[in-house]
Amino acid sequence: MKKCKDKKMIFSQLRKHVFLTILIFLCFINYPLPSKASPLEYEVPIASKQIPEAPLANWDMLFFNNGNTIKSSTTTTAASPIKFSYPKFDQSQLNNLKSIRSTTTTKIHSGKYYVSGEFLGKLEIYVDNKLFLKDEAISTSKKIKKSILITELLNKSTSRDIHTIQLVHSNFQSIPTLNFTLKPIQQTVNLNERDISYNWGYYSPIGQAFDFFHLNFIHSSMYKQGDYFATLYTDDLASIFFDEQKILESNPTSTNMLNNAVIENVSVGEHIVKTDFADSNGGEAAIHSAITPFSNWVAYYFNNTSSIGLPVSKQVITSQSPNILLKATNESSSTIPSVVAKNYYSARYITYKRLPAGTYHLEYKSGEGVGVWLDGKQIAYEWKDGKKPLRKLSVNVSDDTLYSNSKDIHQLTVRTYNRKSPQDLFVSFKPSIESPVTQIKTIVIDPGHGGKDTGAIGIGGLKEKDVVLDVSQRVETLFNDLTPYNVYLTRSKDIFIPLDQRPALAISKKAHAFVSIHANAGSSSASGLETYYYGIKSSAINKTNINAAKTNYPTFFSKESSITSVLEPTASKTNPYITDSKTLANFIQKRMVASYQLQDRGAKHGNFQVIRSNNLPAVLTELGFITNKNDANKLGSPYWRQIAAEAIYMGILDFFESKGSDVSSYRLY
């Protein structure tokens, strides 16, 4: 009887244990298993992880003999990346064969690519009907590796990322040998970057799977006290954390892939920023993000003219002006990233600033299309080709804000495109301040030489008279566009103006400053910048004239002029504003050296008629040596001529400020 009870008890316990075991098992089935650390607070749903099928490229092959097509066929290869090699040839196919033309039209995401491969014979590679490579290997095969920038096609209203590649192969020996690969330049990723800018297209960073990869960016750095804004551009899942607090999150279902957030009153010191990214959709992958102070601009660049899709690059443009000021150019020396096609691109610029309610002046211009938005509301729009003159309009800023409880925080966005004209973007947004009439200044700019007087002729036939006229006209434009000042040129076209008439114009206009602009000449090794002011005492005039022929003056004269004919031996009239002229010369020289990046030859005394015969602060500045290769490259560049004009403009403003004028609203930087 006892045994029977014991058996029942054991059975009962076993049944209890079995029941508990089944219950625990069922719980574990429904309980989420530990997963690998995710960079986001959520995982990408498994159902969405359907890896896109690898695209294919169809190649049409034409076989030629003396220009006549003798055969055609097709072959299919991978298109991501594009790889091509000949299918296996039958010997009968090679009879009378002279050349093979292989063509494919397929989807290629804009960006930088490597063209690599190996061939024997003669090879021509065309991309979108433009010859990209022409080479030959006579006896042994040759390897090729070149980079190419592929941009969206302008003449296609749709499918602008459909491109054509053509391989023309000839003069091969026996069996044709050709391998071709077009592969994107994949980037390594620095997970400790402060400003993040990657566009992997249909690929991924080195070391990551092509689709559904995760990245955790983290950096710690010092921040100055002030207001900052965060910006994030992606079509995937991403979040930004500032000191462990989430401040921004992407919305991958939105048609607008740009998201921004304001971070007010950041304390001085070290802060930690984490940016988590997940390629949640497969296909294209990109992330651009930054946290930057108010008034700085974040620029997003696109290899199309519509600013749609994912940017190919991003950069932060530091503001050095109290006004919201933006300048951009696409000259060869510009800072626009190399992955951007300089003659065909668009850009989207964004910044934030505290703007008290009131009336503001918006001034803007662009080589081609431009639009300006304040707090998402369009305030200017000229989206068409053609070089734009400066536009000015008044804008009322209210206390309404979209970004925080602070009433004075506002967002300014600028969009622009370029495809024909050089980009010449300028945007200024400043409080409306009327200058008293007593503060209106008059400036005379004197482009040296002109007409029959060419001035120095430098490398490549570059003429001094042409260079200095262009720079002078740029200085004139800056004053007309940005200030209420009066500005006059001694000549506005290629004509000869006698030397005595140049200072006479300045005196008749009662000018407050006179600047004569020239280019230097000398030996091929001579280089640098210098600015002259009249400072020779009257007692030294005769001695200077006696030794004039021995003096190493800059090339200020035409070939047929002599130094003594220009210096006025009697020196009956001399400029009394020596101190002010010296101050003006120092300011211009300092600005030129800082921005033009040439050797500083100093601000110095000069006994030249145009500055000596003046009755106001007057200087003569030499922009560089037209006979020096490096200097001449800058003198011949529209980009560097603009830099010179801006330096002269800023130097003149510095001088006026030193005399008590308020020029803060006119500064470029």
# chains A, B, ... in the order shown; residues from 1 in each chain; ligands from 1
$ residues_around --residues "Pro389 of chain A" --least-positions-apart "5" --cutoff "9 Å" --atoms "only C-alpha atoms" --output "JSON, numbers by chain"
{"A": [364, 365, 366, 367]}
$ residues_around --residues "Pro205 of chain A" --least-positions-apart "3" --cutoff "7 Å" --atoms "only C-alpha atoms" --output "PDB file with N, CA and C atoms, in the first residue's frame"
ATOM      1  N   GLN A 186      34.815  52.897 -53.079  1.00  0.00           N
ATOM      2  CA  GLN A 186      34.233  52.715 -51.757  1.00  0.00           C
ATOM      3  C   GLN A 186      35.067  53.416 -50.699  1.00  0.00           C
ATOM      4  N   GLN A 187      34.382  53.949 -49.720  1.00  0.00           N
ATOM      5  CA  GLN A 187      35.034  54.733 -48.689  1.00  0.00           C
ATOM      6  C   GLN A 187      35.237  53.910 -47.427  1.00  0.00           C
ATOM      7  N   THR A 188      36.330  54.196 -46.752  1.00  0.00           N
ATOM      8  CA  THR A 188      36.461  53.710 -45.391  1.00  0.00           C
ATOM      9  C   THR A 188      35.665  54.653 -44.500  1.00  0.00           C
ATOM     10  N   VAL A 189      35.266  54.191 -43.362  1.00  0.00           N
ATOM     11  CA  VAL A 189      34.441  54.991 -42.468  1.00  0.00           C
ATOM     12  C   VAL A 189      35.204  55.270 -41.185  1.00  0.00           C
ATOM     13  N   TRP A 200      27.110  56.151 -50.186  1.00  0.00           N
ATOM     14  CA  TRP A 200      27.632  54.888 -50.702  1.00  0.00           C
ATOM     15  C   TRP A 200      26.899  54.432 -51.945  1.00  0.00           C
ATOM     16  N   GLN A 208      31.720  46.280 -45.002  1.00  0.00           N
ATOM     17  CA  GLN A 208      30.315  46.107 -44.644  1.00  0.00           C
ATOM     18  C   GLN A 208      29.568  45.395 -45.771  1.00  0.00           C
TER      19      GLN A 208
END
$ select_by_dssp --residues "segment 610-643 of chain A" --states "strand (DSSP E)" --output "list in words"
Ala618, Val619, Leu620, Thr621, Glu622, Leu623, Gly624 and Phe625 of chain A
$ write_last_selection --atoms "C-alpha atoms" --output "CSV table (one decimal), in the first residue's frame"
chain,number,residue,atom,x,y,z
A,618,ALA,CA,46.0,107.4,-52.0
A,619,VAL,CA,47.8,104.1,-52.6
A,620,LEU,CA,49.0,101.9,-55.5
A,621,THR,CA,48.8,98.2,-55.0
A,622,GLU,CA,50.6,95.5,-57.0
A,623,LEU,CA,48.6,92.2,-57.2
A,624,GLY,CA,51.5,90.0,-58.0
A,625,PHE,CA,54.1,89.4,-60.7
$ residues_around --residues "segment 268-282 of chain A" --least-positions-apart "4" --cutoff "7 Å" --atoms "only C-alpha atoms" --output "VMD selection string"
chain A and resid 39 to 40 44 51 to 52 211 to 225 236 to 243
$ residues_around --residues "Asn303 of chain A" --least-positions-apart "3" --cutoff "12 Å" --atoms "only C-alpha atoms" --output "PyMOL selection string"
chain A and resi 109-112+149-154+160-161+199+300+306-313+337-348+417-419
$ closest_residue --among "A:Asn179, A:Thr401, A:Asn192, A:Thr106" --to "Ser159 of chain A" --atoms "only C-alpha atoms"
A:Thr106
$ residues_around --residues "Ala78 of chain A" --least-positions-apart "6" --cutoff "12 Å" --atoms "only C-alpha atoms" --output "compact mmCIF listing (two decimals) with all heavy atoms, in the first residue's frame"
# COMPACT_ATOMS: atom_id res chain seq x y z
N GLU A 53 17.36 42.29 -55.92
CA GLU A 53 18.08 41.46 -56.86
C GLU A 53 19.21 42.25 -57.49
O GLU A 53 19.08 43.43 -57.79
CB GLU A 53 17.13 40.95 -57.95
CG GLU A 53 16.05 40.00 -57.44
CD GLU A 53 15.18 39.50 -58.57
OE1 GLU A 53 15.51 39.82 -59.73
OE2 GLU A 53 14.21 38.80 -58.29
N ALA A 54 20.34 41.58 -57.70
CA ALA A 54 21.49 42.24 -58.30
C ALA A 54 21.15 42.64 -59.73
O ALA A 54 20.69 41.81 -60.52
CB ALA A 54 22.70 41.32 -58.28
N PRO A 55 21.34 43.91 -60.10
CA PRO A 55 21.01 44.34 -61.46
C PRO A 55 21.95 43.73 -62.48
O PRO A 55 23.09 43.40 -62.18
CB PRO A 55 21.17 45.86 -61.39
CG PRO A 55 22.09 46.09 -60.25
CD PRO A 55 21.85 45.00 -59.27
N LEU A 56 21.46 43.60 -63.71
CA LEU A 56 22.24 43.03 -64.80
C LEU A 56 22.41 44.07 -65.90
O LEU A 56 21.62 44.99 -66.03
CB LEU A 56 21.56 41.79 -65.35
CG LEU A 56 21.35 40.63 -64.37
CD1 LEU A 56 20.56 39.50 -65.02
CD2 LEU A 56 22.68 40.11 -63.85
N ALA A 57 23.47 43.91 -66.65
CA ALA A 57 23.73 44.79 -67.79
C ALA A 57 23.76 43.94 -69.06
O ALA A 57 24.48 42.94 -69.13
CB ALA A 57 25.05 45.53 -67.61
N ASN A 58 22.99 44.33 -70.05
CA ASN A 58 22.97 43.65 -71.34
C ASN A 58 23.89 44.39 -72.30
O ASN A 58 23.76 45.60 -72.50
CB ASN A 58 21.55 43.60 -71.91
CG ASN A 58 20.63 42.76 -71.05
OD1 ASN A 58 21.00 41.68 -70.60
ND2 ASN A 58 19.42 43.25 -70.81
N TRP A 59 24.80 43.65 -72.91
CA TRP A 59 25.77 44.22 -73.83
C TRP A 59 25.45 43.78 -75.26
O TRP A 59 25.26 42.59 -75.52
CB TRP A 59 27.19 43.77 -73.48
CG TRP A 59 27.71 44.31 -72.19
CD1 TRP A 59 27.43 43.83 -70.95
CD2 TRP A 59 28.60 45.41 -72.02
NE1 TRP A 59 28.09 44.58 -70.00
CE2 TRP A 59 28.82 45.55 -70.63
CE3 TRP A 59 29.23 46.29 -72.89
CZ2 TRP A 59 29.65 46.54 -70.10
CZ3 TRP A 59 30.07 47.27 -72.37
CH2 TRP A 59 30.26 47.39 -71.00
N PHE A 84 32.72 43.36 -67.49
CA PHE A 84 32.56 42.86 -68.86
C PHE A 84 33.81 42.12 -69.28
O PHE A 84 34.94 42.57 -69.05
CB PHE A 84 32.31 44.01 -69.83
CG PHE A 84 32.27 43.56 -71.28
CD1 PHE A 84 31.11 43.01 -71.81
CD2 PHE A 84 33.39 43.66 -72.09
CE1 PHE A 84 31.08 42.57 -73.13
CE2 PHE A 84 33.36 43.23 -73.40
CZ PHE A 84 32.20 42.69 -73.92
N SER A 85 33.59 40.98 -69.89
CA SER A 85 34.66 40.25 -70.58
C SER A 85 34.00 39.48 -71.71
O SER A 85 32.79 39.22 -71.69
CB SER A 85 35.40 39.32 -69.63
OG SER A 85 34.51 38.38 -69.06
N THR A 104 26.61 48.93 -73.69
CA THR A 104 25.54 48.68 -72.74
C THR A 104 24.95 50.00 -72.28
O THR A 104 25.64 51.02 -72.21
CB THR A 104 26.04 47.90 -71.50
OG1 THR A 104 24.92 47.57 -70.68
CG2 THR A 104 27.03 48.72 -70.69
N THR A 106 22.75 51.18 -69.02
CA THR A 106 22.29 50.65 -67.74
C THR A 106 22.27 51.74 -66.68
O THR A 106 22.78 52.84 -66.90
CB THR A 106 23.22 49.49 -67.29
OG1 THR A 106 22.67 48.87 -66.14
CG2 THR A 106 24.61 50.00 -66.95
N LYS A 107 21.69 51.43 -65.54
CA LYS A 107 21.56 52.41 -64.46
C LYS A 107 22.86 52.50 -63.68
O LYS A 107 23.38 51.49 -63.20
CB LYS A 107 20.42 52.01 -63.52
CG LYS A 107 20.10 53.05 -62.46
CD LYS A 107 18.83 52.67 -61.70
CE LYS A 107 18.44 53.76 -60.72
NZ LYS A 107 17.17 53.45 -60.01
N PHE A 180 36.92 44.43 -68.37
CA PHE A 180 36.54 45.80 -68.01
C PHE A 180 35.69 45.77 -66.75
O PHE A 180 34.77 44.95 -66.63
CB PHE A 180 35.76 46.44 -69.17
CG PHE A 180 35.11 47.76 -68.82
CD1 PHE A 180 35.83 48.95 -68.91
CD2 PHE A 180 33.79 47.81 -68.40
CE1 PHE A 180 35.24 50.16 -68.59
CE2 PHE A 180 33.18 49.02 -68.09
CZ PHE A 180 33.91 50.20 -68.18
N THR A 181 35.99 46.68 -65.82
CA THR A 181 35.20 46.79 -64.59
C THR A 181 34.97 48.27 -64.27
O THR A 181 35.91 49.07 -64.34
CB THR A 181 35.90 46.13 -63.39
OG1 THR A 181 36.11 44.76 -63.68
CG2 THR A 181 35.06 46.25 -62.12
N LEU A 182 33.74 48.61 -63.96
CA LEU A 182 33.40 49.95 -63.47
C LEU A 182 32.88 49.77 -62.04
O LEU A 182 31.80 49.23 -61.83
CB LEU A 182 32.34 50.61 -64.35
CG LEU A 182 31.93 52.02 -63.93
CD1 LEU A 182 33.02 53.01 -64.24
CD2 LEU A 182 30.63 52.44 -64.61
N LYS A 183 33.66 50.25 -61.07
CA LYS A 183 33.34 49.97 -59.68
C LYS A 183 33.42 51.27 -58.88
O LYS A 183 34.37 52.05 -59.06
CB LYS A 183 34.32 48.95 -59.10
CG LYS A 183 34.00 48.49 -57.70
CD LYS A 183 34.97 47.39 -57.27
CE LYS A 183 34.62 46.89 -55.87
NZ LYS A 183 35.55 45.82 -55.43
$ atom_distance --atom1 "atom CA of Lys509 of chain A" --atom2 "atom CA of Ile652 of chain A"
17.1 Å
$ select_by_dssp --residues "segment 91-295 of chain A" --states "helix (DSSP H, G or I)" --output "mmCIF file with all heavy atoms, in the first residue's frame"
data_model
loop_
_atom_site.group_PDB
_atom_site.id
_atom_site.type_symbol
_atom_site.label_atom_id
_atom_site.label_comp_id
_atom_site.auth_asym_id
_atom_site.auth_seq_id
_atom_site.Cartn_x
_atom_site.Cartn_y
_atom_site.Cartn_z
ATOM 1 N N GLN A 91 36.485 29.604 -82.930
ATOM 2 C CA GLN A 91 37.524 30.046 -83.848
ATOM 3 C C GLN A 91 36.937 30.559 -85.164
ATOM 4 O O GLN A 91 37.457 31.496 -85.764
ATOM 5 C CB GLN A 91 38.499 28.892 -84.131
ATOM 6 C CG GLN A 91 39.731 29.319 -84.925
ATOM 7 C CD GLN A 91 40.573 30.354 -84.188
ATOM 8 O OE1 GLN A 91 40.772 30.243 -82.987
ATOM 9 N NE2 GLN A 91 41.042 31.363 -84.916
ATOM 10 N N SER A 92 35.813 29.985 -85.578
ATOM 11 C CA SER A 92 35.205 30.431 -86.833
ATOM 12 C C SER A 92 34.684 31.858 -86.736
ATOM 13 O O SER A 92 34.556 32.555 -87.742
ATOM 14 C CB SER A 92 34.053 29.490 -87.217
ATOM 15 O OG SER A 92 33.034 29.522 -86.214
ATOM 16 N N GLN A 93 34.388 32.297 -85.485
ATOM 17 C CA GLN A 93 33.903 33.666 -85.304
ATOM 18 C C GLN A 93 35.017 34.693 -85.493
ATOM 19 O O GLN A 93 34.745 35.869 -85.676
ATOM 20 C CB GLN A 93 33.315 33.825 -83.893
ATOM 21 C CG GLN A 93 32.049 33.027 -83.649
ATOM 22 C CD GLN A 93 31.567 33.191 -82.221
ATOM 23 O OE1 GLN A 93 32.293 32.909 -81.274
ATOM 24 N NE2 GLN A 93 30.340 33.667 -82.069
ATOM 25 N N LEU A 94 36.258 34.231 -85.427
ATOM 26 C CA LEU A 94 37.380 35.161 -85.482
ATOM 27 C C LEU A 94 37.890 35.396 -86.893
ATOM 28 O O LEU A 94 38.764 36.240 -87.103
ATOM 29 C CB LEU A 94 38.531 34.631 -84.607
ATOM 30 C CG LEU A 94 38.172 34.388 -83.132
ATOM 31 C CD1 LEU A 94 39.368 33.828 -82.385
ATOM 32 C CD2 LEU A 94 37.699 35.679 -82.487
#
$ closest_atom_pairs --of "segment 495-536 of chain A" --to "segment 459-463 of chain A" --cutoff "12 Å" --atoms "only C-alpha atoms" --output "JSON lines"
{"residue": "A:His518", "atom": "CA", "partner": "A:Lys463", "partner_atom": "CA", "distance": 10.8}
{"residue": "A:Ala519", "atom": "CA", "partner": "A:Lys463", "partner_atom": "CA", "distance": 9.2}
{"residue": "A:Asn520", "atom": "CA", "partner": "A:Lys463", "partner_atom": "CA", "distance": 11.1}
{"residue": "A:Ala521", "atom": "CA", "partner": "A:Ile459", "partner_atom": "CA", "distance": 10.3}
{"residue": "A:Gly522", "atom": "CA", "partner": "A:Ile459", "partner_atom": "CA", "distance": 11.5}
{"residue": "A:Ser523", "atom": "CA", "partner": "A:Ile459", "partner_atom": "CA", "distance": 11.5}
{"residue": "A:Ser524", "atom": "CA", "partner": "A:Ile459", "partner_atom": "CA", "distance": 9.4}
$ write_last_selection --atoms "N, CA, C and O atoms" --output "JSON list (two decimals), in the first residue's frame"
[["chain", "number", "residue", "atom", "x", "y", "z"],
["A", 518, "HIS", "N", 47.49, 97.59, -60.00],
["A", 518, "HIS", "CA", 48.47, 97.18, -61.00],
["A", 518, "HIS", "C", 48.91, 95.74, -60.78],
["A", 518, "HIS", "O", 48.60, 95.14, -59.75],
["A", 519, "ALA", "N", 49.66, 95.23, -61.77],
["A", 519, "ALA", "CA", 50.33, 93.94, -61.63],
["A", 519, "ALA", "C", 51.81, 94.17, -61.86],
["A", 519, "ALA", "O", 52.21, 94.97, -62.70],
["A", 520, "ASN", "N", 52.63, 93.49, -61.10],
["A", 520, "ASN", "CA", 54.07, 93.69, -61.13],
["A", 520, "ASN", "C", 54.73, 92.88, -62.23],
["A", 520, "ASN", "O", 54.09, 91.99, -62.82],
["A", 521, "ALA", "N", 56.00, 93.14, -62.51],
["A", 521, "ALA", "CA", 56.77, 92.37, -63.48],
["A", 521, "ALA", "C", 58.23, 92.39, -63.06],
["A", 521, "ALA", "O", 58.69, 93.30, -62.39],
["A", 522, "GLY", "N", 58.94, 91.34, -63.44],
["A", 522, "GLY", "CA", 60.35, 91.23, -63.09],
["A", 522, "GLY", "C", 60.89, 89.91, -63.58],
["A", 522, "GLY", "O", 60.43, 89.36, -64.58],
["A", 523, "SER", "N", 61.85, 89.36, -62.86],
["A", 523, "SER", "CA", 62.39, 88.05, -63.22],
["A", 523, "SER", "C", 61.35, 86.98, -62.94],
["A", 523, "SER", "O", 60.39, 87.20, -62.21],
["A", 524, "SER", "N", 61.56, 85.81, -63.52],
["A", 524, "SER", "CA", 60.59, 84.73, -63.36],
["A", 524, "SER", "C", 60.50, 84.25, -61.92],
["A", 524, "SER", "O", 59.50, 83.63, -61.53]]
$ residues_around --residues "Ser197 of chain A" --least-positions-apart "6" --cutoff "7 Å" --atoms "only C-alpha atoms" --output "ChimeraX atom specification"
/A:287-289,313-314
$ closest_residue --among "A:Pro431, A:Thr234, A:Asn68, A:Leu529" --to "Pro322 of chain A" --atoms "only C-alpha atoms"
A:Pro431
$ atom_distance --atom1 "atom CA of Val395 of chain A" --atom2 "atom CA of Ile291 of chain A"
27.6 Å
$ atom_distance --atom1 "atom CA of Tyr233 of chain A" --atom2 "atom CA of Ser250 of chain A"
7.9 Å
$ residues_around --residues "Tyr114 of chain A" --least-positions-apart "3" --cutoff "7 Å" --atoms "only C-alpha atoms" --output "list in words"
Lys145, Lys146, Ser147, Ile148, Leu182, Lys183, Pro184 and Ile185 of chain A
$ decode --residues "segment 440-450 of chain A" --atoms "all heavy atoms" --output "CSV table (one decimal), in the first residue's frame"
chain,number,residue,atom,x,y,z
A,440,ILE,N,28.4,108.8,-45.8
A,440,ILE,CA,28.5,108.3,-47.2
A,440,ILE,C,29.9,108.6,-47.7
A,440,ILE,O,30.3,109.8,-47.7
A,440,ILE,CB,27.5,108.8,-48.1
A,440,ILE,CG1,26.1,108.5,-47.6
A,440,ILE,CG2,27.7,108.3,-49.5
A,440,ILE,CD1,25.8,107.0,-47.6
A,441,LYS,N,30.7,107.6,-48.1
A,441,LYS,CA,32.1,107.8,-48.6
A,441,LYS,C,32.1,107.8,-50.1
A,441,LYS,O,31.2,107.2,-50.7
A,441,LYS,CB,33.0,106.8,-48.0
A,441,LYS,CG,33.0,106.8,-46.5
A,441,LYS,CD,33.5,108.1,-45.9
A,441,LYS,CE,33.6,108.0,-44.3
A,441,LYS,NZ,34.0,109.3,-43.7
A,442,THR,N,33.2,108.3,-50.7
A,442,THR,CA,33.4,108.3,-52.1
A,442,THR,C,34.8,107.7,-52.3
A,442,THR,O,35.8,108.1,-51.7
A,442,THR,CB,33.4,109.7,-52.7
A,442,THR,OG1,32.1,110.2,-52.5
A,442,THR,CG2,33.7,109.6,-54.2
A,443,ILE,N,34.8,106.7,-53.2
A,443,ILE,CA,36.1,106.0,-53.5
A,443,ILE,C,36.3,106.1,-55.0
A,443,ILE,O,35.4,105.9,-55.8
A,443,ILE,CB,36.0,104.5,-53.1
A,443,ILE,CG1,35.6,104.4,-51.6
A,443,ILE,CG2,37.2,103.7,-53.4
A,443,ILE,CD1,34.2,104.1,-51.4
A,444,VAL,N,37.6,106.3,-55.4
A,444,VAL,CA,38.0,106.2,-56.8
A,444,VAL,C,39.0,105.0,-57.0
A,444,VAL,O,40.0,105.0,-56.2
A,444,VAL,CB,38.6,107.5,-57.2
A,444,VAL,CG1,39.2,107.4,-58.6
A,444,VAL,CG2,37.6,108.6,-57.3
A,445,ILE,N,38.6,104.2,-57.9
A,445,ILE,CA,39.5,103.0,-58.2
A,445,ILE,C,40.1,103.3,-59.5
A,445,ILE,O,39.4,103.6,-60.5
A,445,ILE,CB,38.7,101.7,-58.2
A,445,ILE,CG1,37.9,101.5,-56.9
A,445,ILE,CG2,39.6,100.5,-58.5
A,445,ILE,CD1,38.8,101.3,-55.7
A,446,ASP,N,41.4,103.1,-59.6
A,446,ASP,CA,42.2,103.4,-60.8
A,446,ASP,C,42.8,102.2,-61.4
A,446,ASP,O,43.8,101.7,-61.0
A,446,ASP,CB,43.3,104.4,-60.5
A,446,ASP,CG,44.2,104.7,-61.6
A,446,ASP,OD1,43.7,104.8,-62.8
A,446,ASP,OD2,45.4,104.8,-61.4
A,447,PRO,N,42.1,101.6,-62.5
A,447,PRO,CA,42.7,100.5,-63.2
A,447,PRO,C,43.9,101.0,-64.0
A,447,PRO,O,43.7,101.8,-64.9
A,447,PRO,CB,41.6,99.9,-64.1
A,447,PRO,CG,40.4,100.6,-63.6
A,447,PRO,CD,40.8,101.9,-63.0
A,448,GLY,N,45.1,100.5,-63.7
A,448,GLY,CA,46.3,101.0,-64.4
A,448,GLY,C,46.3,100.8,-65.9
A,448,GLY,O,45.7,99.8,-66.3
A,449,HIS,N,47.1,101.6,-66.6
A,449,HIS,CA,47.3,101.4,-68.0
A,449,HIS,C,46.0,101.5,-68.8
A,449,HIS,O,45.1,102.2,-68.4
A,449,HIS,CB,48.0,100.1,-68.3
A,449,HIS,CG,49.3,100.0,-67.4
A,449,HIS,ND1,50.4,100.7,-67.7
A,449,HIS,CD2,49.5,99.3,-66.3
A,449,HIS,CE1,51.3,100.4,-66.7
A,449,HIS,NE2,50.7,99.6,-65.8
A,450,GLY,N,45.9,100.8,-70.0
A,450,GLY,CA,44.7,100.8,-70.8
A,450,GLY,C,45.0,101.3,-72.2
A,450,GLY,O,45.9,102.2,-72.4
